[in-house]
>>> print(open('final39.tsv').read())   # TSV, N, CA and C atoms
chain	number	residue	atom	x	y	z
A	29	GLN	N	-16.66	-3.96	12.49
A	29	GLN	CA	-15.43	-4.65	12.12
A	29	GLN	C	-15.00	-4.21	10.73
A	30	VAL	N	-13.72	-3.98	10.58
A	30	VAL	CA	-13.16	-3.54	9.30
A	30	VAL	C	-12.19	-4.60	8.80
A	31	GLN	N	-12.26	-4.87	7.53
A	31	GLN	CA	-11.32	-5.79	6.90
A	31	GLN	C	-10.61	-5.13	5.73
A	32	LEU	N	-9.33	-5.40	5.61
A	32	LEU	CA	-8.54	-4.96	4.46
A	32	LEU	C	-8.06	-6.21	3.75
A	33	VAL	N	-8.40	-6.33	2.49
A	33	VAL	CA	-8.00	-7.49	1.70
A	33	VAL	C	-7.04	-7.03	0.62
A	34	GLU	N	-5.82	-7.53	0.70
A	34	GLU	CA	-4.79	-7.18	-0.28
A	34	GLU	C	-4.66	-8.29	-1.31
A	35	SER	N	-4.31	-7.90	-2.51
A	35	SER	CA	-4.07	-8.88	-3.57
A	35	SER	C	-3.09	-8.31	-4.58
A	36	GLY	N	-2.51	-9.20	-5.38
A	36	GLY	CA	-1.66	-8.77	-6.47
A	36	GLY	C	-0.17	-8.97	-6.27
A	37	GLY	N	0.24	-9.46	-5.12
A	37	GLY	CA	1.66	-9.72	-4.93
A	37	GLY	C	2.12	-10.92	-5.74
A	38	GLY	N	3.42	-11.16	-5.72
A	38	GLY	CA	3.95	-12.31	-6.44
A	38	GLY	C	5.42	-12.18	-6.74
A	39	LEU	N	5.86	-13.01	-7.66
A	39	LEU	CA	7.26	-13.05	-8.08
A	39	LEU	C	7.38	-12.47	-9.48
A	40	VAL	N	8.33	-11.58	-9.66
A	40	VAL	CA	8.53	-10.95	-10.97
A	40	VAL	C	10.01	-10.72	-11.18
A	41	GLN	N	10.43	-10.71	-12.42
A	41	GLN	CA	11.83	-10.41	-12.73
A	41	GLN	C	12.08	-8.91	-12.67
A	42	ALA	N	13.32	-8.56	-12.43
A	42	ALA	CA	13.70	-7.16	-12.41
A	42	ALA	C	13.29	-6.49	-13.72
A	43	GLY	N	12.74	-5.29	-13.58
A	43	GLY	CA	12.25	-4.57	-14.74
A	43	GLY	C	10.78	-4.80	-15.02
A	44	GLY	N	10.20	-5.77	-14.34
A	44	GLY	CA	8.80	-6.10	-14.54
A	44	GLY	C	7.86	-5.22	-13.74
A	45	SER	N	6.58	-5.56	-13.80
A	45	SER	CA	5.54	-4.77	-13.14
A	45	SER	C	4.60	-5.66	-12.34
A	46	LEU	N	4.05	-5.07	-11.31
A	46	LEU	CA	2.99	-5.70	-10.52
A	46	LEU	C	2.01	-4.62	-10.09
A	47	ARG	N	0.78	-5.04	-9.83
A	47	ARG	CA	-0.23	-4.11	-9.33
A	47	ARG	C	-0.86	-4.69	-8.07
A	48	LEU	N	-0.74	-3.95	-6.99
A	48	LEU	CA	-1.35	-4.36	-5.73
A	48	LEU	C	-2.70	-3.67	-5.56
A	49	SER	N	-3.63	-4.39	-4.95
A	49	SER	CA	-4.94	-3.82	-4.63
A	49	SER	C	-5.22	-4.01	-3.15
A	50	CYS	N	-5.94	-3.06	-2.58
A	50	CYS	CA	-6.34	-3.13	-1.18
A	50	CYS	C	-7.79	-2.68	-1.08
A	51	ALA	N	-8.66	-3.61	-0.73
A	51	ALA	CA	-10.08	-3.31	-0.61
A	51	ALA	C	-10.47	-3.29	0.86
A	52	ALA	N	-11.04	-2.18	1.28
A	52	ALA	CA	-11.50	-2.03	2.67
A	52	ALA	C	-13.01	-2.23	2.72
A	53	SER	N	-13.43	-3.00	3.71
A	53	SER	CA	-14.87	-3.24	3.88
A	53	SER	C	-15.22	-3.27	5.35
A	54	GLY	N	-16.52	-3.14	5.64
A	54	GLY	CA	-16.97	-3.18	7.02
A	54	GLY	C	-17.50	-1.82	7.45
A	55	SER	N	-17.40	-1.58	8.76
A	55	SER	CA	-17.97	-0.37	9.35
A	55	SER	C	-17.03	0.82	9.15
A	56	ILE	N	-17.06	1.35	7.93
A	56	ILE	CA	-16.20	2.49	7.60
A	56	ILE	C	-17.07	3.66	7.20
A	57	PHE	N	-16.99	4.73	7.97
A	57	PHE	CA	-17.75	5.93	7.61
A	57	PHE	C	-16.99	6.76	6.59
A	58	SER	N	-15.70	6.93	6.84
A	58	SER	CA	-14.87	7.64	5.89
A	58	SER	C	-13.41	7.24	6.10
A	59	ILE	N	-12.63	7.40	5.07
A	59	ILE	CA	-11.20	7.10	5.11
A	59	ILE	C	-10.43	8.36	4.78
A	60	VAL	N	-9.57	8.76	5.69
A	60	VAL	CA	-8.78	9.97	5.48
A	60	VAL	C	-7.71	9.73	4.43
A	61	ALA	N	-7.01	8.62	4.57
A	61	ALA	CA	-5.93	8.31	3.65
A	61	ALA	C	-5.75	6.81	3.55
A	62	MET	N	-5.23	6.38	2.41
A	62	MET	CA	-4.87	4.98	2.21
A	62	MET	C	-3.41	4.95	1.78
A	63	GLY	N	-2.68	4.02	2.36
A	63	GLY	CA	-1.25	3.99	2.07
A	63	GLY	C	-0.71	2.59	1.93
A	64	TRP	N	0.44	2.52	1.30
A	64	TRP	CA	1.18	1.27	1.18
A	64	TRP	C	2.52	1.42	1.90
A	65	TYR	N	2.84	0.44	2.69
A	65	TYR	CA	4.10	0.37	3.41
A	65	TYR	C	4.76	-0.96	3.07
A	66	ARG	N	6.05	-1.05	3.29
A	66	ARG	CA	6.72	-2.32	3.03
A	66	ARG	C	7.75	-2.59	4.10
A	67	GLN	N	8.02	-3.88	4.27
A	67	GLN	CA	9.01	-4.30	5.25
A	67	GLN	C	9.83	-5.43	4.66
A	68	ALA	N	11.10	-5.17	4.47
A	68	ALA	CA	12.03	-6.19	3.99
A	68	ALA	C	12.63	-6.93	5.19
A	69	PRO	N	13.12	-8.13	4.99
A	69	PRO	CA	13.70	-8.89	6.11
A	69	PRO	C	14.81	-8.11	6.80
A	70	GLY	N	14.72	-8.02	8.11
A	70	GLY	CA	15.74	-7.34	8.89
A	70	GLY	C	15.66	-5.83	8.87
A	71	LYS	N	14.63	-5.30	8.23
A	71	LYS	CA	14.50	-3.84	8.14
A	71	LYS	C	13.18	-3.38	8.75
A	72	GLN	N	13.12	-2.09	9.05
A	72	GLN	CA	11.90	-1.52	9.60
A	72	GLN	C	10.87	-1.30	8.49
A	73	ARG	N	9.62	-1.28	8.90
A	73	ARG	CA	8.55	-0.99	7.95
A	73	ARG	C	8.68	0.47	7.52
A	74	GLU	N	8.52	0.71	6.22
A	74	GLU	CA	8.67	2.06	5.69
A	74	GLU	C	7.51	2.42	4.78
A	75	LEU	N	7.23	3.71	4.72
A	75	LEU	CA	6.20	4.21	3.83
A	75	LEU	C	6.67	4.10	2.38
A	76	VAL	N	5.77	3.59	1.53
A	76	VAL	CA	6.03	3.53	0.10
A	76	VAL	C	5.28	4.66	-0.61
A	77	ALA	N	3.98	4.74	-0.36
A	77	ALA	CA	3.15	5.75	-1.00
A	77	ALA	C	1.87	5.91	-0.20
A	78	ILE	N	1.31	7.12	-0.27
A	78	ILE	CA	0.07	7.39	0.45
A	78	ILE	C	-0.78	8.33	-0.39
A	79	ILE	N	-2.11	8.18	-0.29
A	79	ILE	CA	-3.02	9.03	-1.03
A	79	ILE	C	-4.17	9.42	-0.12
A	80	THR	N	-4.52	10.70	-0.11
A	80	THR	CA	-5.61	11.18	0.73
A	80	THR	C	-6.95	11.03	0.00
A	81	SER	N	-8.01	11.30	0.72
A	81	SER	CA	-9.34	11.22	0.11
A	81	SER	C	-9.49	12.26	-0.99
A	82	GLY	N	-8.72	13.33	-0.90
A	82	GLY	CA	-8.77	14.36	-1.92
A	82	GLY	C	-7.87	14.10	-3.11
A	83	GLY	N	-7.08	13.04	-3.03
A	83	GLY	CA	-6.22	12.69	-4.15
A	83	GLY	C	-4.77	13.13	-4.03
A	84	ALA	N	-4.42	13.80	-2.96
A	84	ALA	CA	-3.02	14.19	-2.78
A	84	ALA	C	-2.18	12.96	-2.50
A	85	THR	N	-0.99	12.93	-3.08
A	85	THR	CA	-0.12	11.75	-2.96
A	85	THR	C	1.25	12.12	-2.43
A	86	ASN	N	1.90	11.13	-1.86
A	86	ASN	CA	3.27	11.30	-1.40
A	86	ASN	C	3.97	9.95	-1.59
A	87	TYR	N	5.23	10.00	-2.03
A	87	TYR	CA	5.97	8.79	-2.33
A	87	TYR	C	7.33	8.79	-1.63
A	88	ALA	N	7.80	7.62	-1.33
A	88	ALA	CA	9.18	7.48	-0.88
A	88	ALA	C	10.09	7.83	-2.06
A	89	ASP	N	11.22	8.44	-1.78
A	89	ASP	CA	12.13	8.84	-2.84
A	89	ASP	C	12.55	7.64	-3.69
A	90	SER	N	12.67	6.49	-3.06
A	90	SER	CA	13.17	5.30	-3.76
A	90	SER	C	12.21	4.76	-4.81
A	91	VAL	N	10.95	5.19	-4.78
A	91	VAL	CA	9.97	4.66	-5.74
A	91	VAL	C	9.40	5.73	-6.65
A	92	LYS	N	9.77	6.97	-6.44
A	92	LYS	CA	9.26	8.05	-7.27
A	92	LYS	C	9.59	7.80	-8.74
A	93	GLY	N	8.60	7.99	-9.58
A	93	GLY	CA	8.78	7.78	-11.01
A	93	GLY	C	8.58	6.35	-11.46
A	94	ARG	N	8.49	5.42	-10.51
A	94	ARG	CA	8.28	4.01	-10.84
A	94	ARG	C	6.94	3.48	-10.33
A	95	PHE	N	6.52	3.94	-9.17
A	95	PHE	CA	5.28	3.48	-8.56
A	95	PHE	C	4.22	4.57	-8.64
A	96	THR	N	2.96	4.15	-8.77
A	96	THR	CA	1.85	5.08	-8.78
A	96	THR	C	0.74	4.55	-7.88
A	97	ILE	N	0.31	5.39	-6.95
A	97	ILE	CA	-0.79	5.02	-6.07
A	97	ILE	C	-2.05	5.70	-6.56
A	98	SER	N	-3.17	4.99	-6.47
A	98	SER	CA	-4.46	5.55	-6.85
A	98	SER	C	-5.52	4.94	-5.94
A	99	ARG	N	-6.71	5.51	-5.97
A	99	ARG	CA	-7.77	4.97	-5.15
A	99	ARG	C	-9.12	5.21	-5.80
A	100	ASP	N	-10.04	4.32	-5.48
A	100	ASP	CA	-11.44	4.44	-5.89
A	100	ASP	C	-12.23	4.66	-4.60
A	101	ASN	N	-12.61	5.89	-4.34
A	101	ASN	CA	-13.28	6.20	-3.08
A	101	ASN	C	-14.61	5.47	-2.95
A	102	ALA	N	-15.31	5.31	-4.04
A	102	ALA	CA	-16.62	4.65	-4.00
A	102	ALA	C	-16.49	3.19	-3.57
A	103	LYS	N	-15.34	2.58	-3.90
A	103	LYS	CA	-15.11	1.18	-3.57
A	103	LYS	C	-14.20	1.01	-2.36
A	104	ASN	N	-13.76	2.12	-1.77
A	104	ASN	CA	-12.80	2.04	-0.65
A	104	ASN	C	-11.63	1.14	-1.00
A	105	THR	N	-11.11	1.33	-2.19
A	105	THR	CA	-10.03	0.49	-2.70
A	105	THR	C	-8.86	1.36	-3.15
A	106	ALA	N	-7.67	0.92	-2.79
A	106	ALA	CA	-6.44	1.59	-3.22
A	106	ALA	C	-5.63	0.63	-4.07
A	107	TYR	N	-4.87	1.21	-4.98
A	107	TYR	CA	-4.05	0.43	-5.89
A	107	TYR	C	-2.61	0.97	-5.85
A	108	LEU	N	-1.68	0.08	-6.07
A	108	LEU	CA	-0.28	0.48	-6.21
A	108	LEU	C	0.26	-0.16	-7.47
A	109	GLN	N	0.45	0.64	-8.50
A	109	GLN	CA	1.05	0.16	-9.74
A	109	GLN	C	2.56	0.28	-9.61
A	110	MET	N	3.25	-0.83	-9.72
A	110	MET	CA	4.70	-0.85	-9.54
A	110	MET	C	5.36	-1.25	-10.85
A	111	ASN	N	6.11	-0.33	-11.41
A	111	ASN	CA	6.82	-0.57	-12.67
A	111	ASN	C	8.33	-0.53	-12.44
A	112	SER	N	9.06	-1.03	-13.40
A	112	SER	CA	10.53	-1.04	-13.33
A	112	SER	C	11.02	-1.56	-11.99
A	113	LEU	N	10.46	-2.68	-11.58
A	113	LEU	CA	10.79	-3.23	-10.26
A	113	LEU	C	12.25	-3.64	-10.17
A	114	LYS	N	12.80	-3.47	-8.98
A	114	LYS	CA	14.19	-3.79	-8.70
A	114	LYS	C	14.24	-4.84	-7.58
A	115	PRO	N	15.32	-5.60	-7.51
A	115	PRO	CA	15.44	-6.58	-6.41
A	115	PRO	C	15.28	-5.95	-5.04
A	116	GLU	N	15.71	-4.71	-4.88
A	116	GLU	CA	15.59	-4.05	-3.58
A	116	GLU	C	14.15	-3.67	-3.24
A	117	ASP	N	13.22	-3.85	-4.17
A	117	ASP	CA	11.80	-3.65	-3.87
A	117	ASP	C	11.19	-4.88	-3.20
A	118	THR	N	11.95	-5.96	-3.12
A	118	THR	CA	11.46	-7.17	-2.49
A	118	THR	C	11.12	-6.92	-1.03
A	119	ALA	N	9.88	-7.24	-0.64
A	119	ALA	CA	9.42	-6.98	0.73
A	119	ALA	C	7.99	-7.49	0.86
A	120	VAL	N	7.49	-7.47	2.08
A	120	VAL	CA	6.07	-7.65	2.31
A	120	VAL	C	5.43	-6.26	2.28
A	121	TYR	N	4.44	-6.10	1.45
A	121	TYR	CA	3.77	-4.81	1.28
A	121	TYR	C	2.46	-4.83	2.06
A	122	TYR	N	2.28	-3.82	2.90
A	122	TYR	CA	1.11	-3.71	3.76
A	122	TYR	C	0.28	-2.50	3.36
A	123	CYS	N	-1.02	-2.70	3.33
A	123	CYS	CA	-1.95	-1.60	3.12
A	123	CYS	C	-2.37	-1.06	4.49
A	124	LYS	N	-2.56	0.23	4.57
A	124	LYS	CA	-3.01	0.87	5.82
A	124	LYS	C	-4.03	1.94	5.47
A	125	ILE	N	-5.11	1.98	6.25
A	125	ILE	CA	-6.07	3.06	6.09
A	125	ILE	C	-6.08	3.90	7.35
A	126	ASP	N	-6.17	5.20	7.18
A	126	ASP	CA	-6.25	6.15	8.28
A	126	ASP	C	-7.68	6.67	8.38
A	127	LEU	N	-8.20	6.65	9.60
A	127	LEU	CA	-9.59	7.04	9.83
A	127	LEU	C	-9.65	8.35	10.60
A	128	PRO	N	-10.78	9.06	10.54
A	128	PRO	CA	-10.89	10.33	11.27
A	128	PRO	C	-11.25	10.15	12.74
A	129	GLU	N	-11.40	8.91	13.18
A	129	GLU	CA	-11.77	8.66	14.58
A	129	GLU	C	-11.19	7.32	15.03
A	130	SER	N	-11.25	7.06	16.32
A	130	SER	CA	-10.75	5.80	16.86
A	130	SER	C	-11.41	4.63	16.15
A	131	PRO	N	-10.63	3.57	15.84
A	131	PRO	CA	-9.27	3.29	16.28
A	131	PRO	C	-8.17	3.92	15.42
A	132	TRP	N	-8.51	4.87	14.58
A	132	TRP	CA	-7.58	5.70	13.84
A	132	TRP	C	-6.92	5.02	12.62
A	133	TRP	N	-6.62	3.76	12.68
A	133	TRP	CA	-6.04	3.09	11.51
A	133	TRP	C	-6.27	1.58	11.57
A	134	TYR	N	-6.15	0.95	10.39
A	134	TYR	CA	-6.16	-0.50	10.24
A	134	TYR	C	-5.06	-0.89	9.27
A	135	TRP	N	-4.50	-2.09	9.51
A	135	TRP	CA	-3.48	-2.64	8.62
A	135	TRP	C	-4.03	-3.87	7.90
A	136	GLY	N	-3.56	-4.04	6.67
A	136	GLY	CA	-3.86	-5.27	5.95
A	136	GLY	C	-2.93	-6.39	6.40
A	137	GLN	N	-3.15	-7.57	5.84
A	137	GLN	CA	-2.38	-8.75	6.27
A	137	GLN	C	-1.02	-8.83	5.60
A	138	GLY	N	-0.81	-8.07	4.56
A	138	GLY	CA	0.47	-8.07	3.87
A	138	GLY	C	0.46	-8.92	2.61
A	139	ALA	N	1.20	-8.48	1.62
A	139	ALA	CA	1.34	-9.21	0.36
A	139	ALA	C	2.82	-9.28	0.00
A	140	GLN	N	3.30	-10.48	-0.26
A	140	GLN	CA	4.72	-10.65	-0.58
A	140	GLN	C	4.99	-10.23	-2.03
A	141	VAL	N	5.99	-9.40	-2.20
A	141	VAL	CA	6.48	-9.03	-3.53
A	141	VAL	C	7.95	-9.43	-3.59
A	142	THR	N	8.28	-10.26	-4.55
A	142	THR	CA	9.65	-10.72	-4.71
A	142	THR	C	10.12	-10.39	-6.12
A	143	VAL	N	11.22	-9.68	-6.21
A	143	VAL	CA	11.78	-9.28	-7.51
A	143	VAL	C	13.12	-9.99	-7.67
A	144	SER	N	13.21	-10.83	-8.69
A	144	SER	CA	14.44	-11.59	-8.93
A	144	SER	C	15.35	-10.83	-9.89
A	145	SER	N	16.63	-11.01	-9.71
A	145	SER	CA	17.60	-10.30	-10.55
A	145	SER	C	17.96	-11.11	-11.78
>>> encode(input="final39.tsv", output="structure tokens")
Amino acid sequence: QVQLVESGGGLVQAGGSLRLSCAASGSIFSIVAMGWYRQAPGKQRELVAIITSGGATNYADSVKGRFTISRDNAKNTAYLQMNSLKPEDTAVYYCKIDLPESPWWYWGQGAQVTVSS
């Protein structure tokens, strides 16, 4: 059994910062990639940022230069540092891990991020 525990969401004013954490535990042999996705009300879930086990990263255009993803492989933990937050960043943020074998991925329970104007 694998568990993903997310933390760090909350309410912040525009221009502020938040840091999300995602800790994976359980029967995990290796993690190919860890990523953050978000879903705003009435919208589809979208990729925010992803980082591979080797440290390669990819970001959505809307967060480039403001968000930074990192990971601690020894702790199976990923972080998302979010700076210069905007009201349009308001969403539920989900952590996802990609595995090299079935069941291929797991999702976290989600963390609410609300940015007030």
>>> residues_near_point(input="final39.tsv", point="(17.1, -2.8, -8.8)", cutoff="8 Å", atoms="all atoms listed in the file", output="list in words")
Ala42, Gly43, Ser112, Leu113, Lys114, Pro115, Glu116, Asp117 and Ser145 of chain A
>>> write_last_selection(input="final39.tsv", atoms="N, CA and C atoms", output="PDB file, in the frame of the given file")
ATOM      1  N   ALA A  42      13.320  -8.560 -12.430  1.00  0.00           N
ATOM      2  CA  ALA A  42      13.700  -7.160 -12.410  1.00  0.00           C
ATOM      3  C   ALA A  42      13.290  -6.490 -13.720  1.00  0.00           C
ATOM      4  N   GLY A  43      12.740  -5.290 -13.580  1.00  0.00           N
ATOM      5  CA  GLY A  43      12.250  -4.570 -14.740  1.00  0.00           C
ATOM      6  C   GLY A  43      10.780  -4.800 -15.020  1.00  0.00           C
ATOM      7  N   SER A 112       9.060  -1.030 -13.400  1.00  0.00           N
ATOM      8  CA  SER A 112      10.530  -1.040 -13.330  1.00  0.00           C
ATOM      9  C   SER A 112      11.020  -1.560 -11.990  1.00  0.00           C
ATOM     10  N   LEU A 113      10.460  -2.680 -11.580  1.00  0.00           N
ATOM     11  CA  LEU A 113      10.790  -3.230 -10.260  1.00  0.00           C
ATOM     12  C   LEU A 113      12.250  -3.640 -10.170  1.00  0.00           C
ATOM     13  N   LYS A 114      12.800  -3.470  -8.980  1.00  0.00           N
ATOM     14  CA  LYS A 114      14.190  -3.790  -8.700  1.00  0.00           C
ATOM     15  C   LYS A 114      14.240  -4.840  -7.580  1.00  0.00           C
ATOM     16  N   PRO A 115      15.320  -5.600  -7.510  1.00  0.00           N
ATOM     17  CA  PRO A 115      15.440  -6.580  -6.410  1.00  0.00           C
ATOM     18  C   PRO A 115      15.280  -5.950  -5.040  1.00  0.00           C
ATOM     19  N   GLU A 116      15.710  -4.710  -4.880  1.00  0.00           N
ATOM     20  CA  GLU A 116      15.590  -4.050  -3.580  1.00  0.00           C
ATOM     21  C   GLU A 116      14.150  -3.670  -3.240  1.00  0.00           C
ATOM     22  N   ASP A 117      13.220  -3.850  -4.170  1.00  0.00           N
ATOM     23  CA  ASP A 117      11.800  -3.650  -3.870  1.00  0.00           C
ATOM     24  C   ASP A 117      11.190  -4.880  -3.200  1.00  0.00           C
ATOM     25  N   SER A 145      16.630 -11.010  -9.710  1.00  0.00           N
ATOM     26  CA  SER A 145      17.600 -10.300 -10.550  1.00  0.00           C
ATOM     27  C   SER A 145      17.960 -11.110 -11.780  1.00  0.00           C
TER      28      SER A 145
END
>>> atom_distance(input="final39.tsv", atom1="CA of Trp135 (chain A)", atom2="CA of Val30 (chain A)")
9.7 Å
>>> closest_residue(input="final39.tsv", among="A:Ala119, A:Ile78, A:Ile125, A:Leu108", to="Gly36 (chain A)", atoms="only C-alpha atoms")
A:Leu108
>>> residues_near_point(input="final39.tsv", point="(6.5, -1.9, -15.8)", cutoff="8 Å", atoms="all atoms listed in the file", output="PyMOL selection string")
chain A and resi 43-46+94+109-113
>>> closest_atom_pairs(input="final39.tsv", of="region 102-127 of chain A", to="region 49-68 of chain A", cutoff="6 Å", atoms="all atoms listed in the file", output="Markdown table")
| residue | atom | partner | partner_atom | distance |
| --- | --- | --- | --- | --- |
| A:Lys103 | C | A:Ala52 | N | 5.8 |
| A:Asn104 | C | A:Ala52 | N | 4.1 |
| A:Thr105 | CA | A:Cys50 | C | 4.2 |
| A:Ala106 | N | A:Cys50 | C | 4.0 |
| A:Tyr107 | CA | A:Ser49 | CA | 4.5 |
| A:Leu108 | N | A:Ser49 | N | 5.0 |
| A:Thr118 | C | A:Ala68 | CA | 5.2 |
| A:Ala119 | CA | A:Gln67 | C | 4.2 |
| A:Val120 | N | A:Gln67 | C | 4.0 |
| A:Tyr121 | CA | A:Arg66 | CA | 4.2 |
| A:Tyr122 | N | A:Tyr65 | C | 3.8 |
| A:Cys123 | CA | A:Gly63 | C | 4.5 |
| A:Lys124 | C | A:Gly63 | N | 4.0 |
| A:Ile125 | CA | A:Met62 | CA | 4.5 |
| A:Asp126 | C | A:Val60 | N | 3.9 |
| A:Leu127 | CA | A:Val60 | N | 4.5 |
>>> atom_distance(input="final39.tsv", atom1="CA of Gly70 (chain A)", atom2="CA of Ser35 (chain A)")
23.5 Å
>>> select_by_dssp(input="final39.tsv", residues="chain A", states="helix (DSSP H, G or I)", output="list in words")
Asp89, Ser90, Val91, Asn101, Ala102, Lys103, Pro115, Glu116 and Asp117 of chain A
>>> closest_residue(input="final39.tsv", among="A:Gln137, A:Trp132, A:Thr142, A:Lys71", to="Gly38 (chain A)", atoms="only N, CA and C atoms")
A:Thr142
>>> atom_distance(input="final39.tsv", atom1="CA of Thr85 (chain A)", atom2="CA of Arg99 (chain A)")
10.5 Å
>>> closest_residue(input="final39.tsv", among="A:Gln140, A:Ser130, A:Thr96, A:Asn86", to="Leu39 (chain A)", atoms="all atoms listed in the file")
A:Gln140
>>> select_by_dssp(input="final39.tsv", residues="region 67-119 of chain A", states="strand (DSSP E or B)", output="PyMOL selection string")
chain A and resi 67+74-80+85-87+95-100+105-110+119
>>> axis_aligned_box(input="final39.tsv", around="region 84-96 of chain A", padding_each_side="6 Å", output="lines of an AutoDock Vina configuration file")
center_x = 4.4
center_y = 8.8
center_z = -6.2
size_x = 29.6
size_y = 22.7
size_z = 22.6
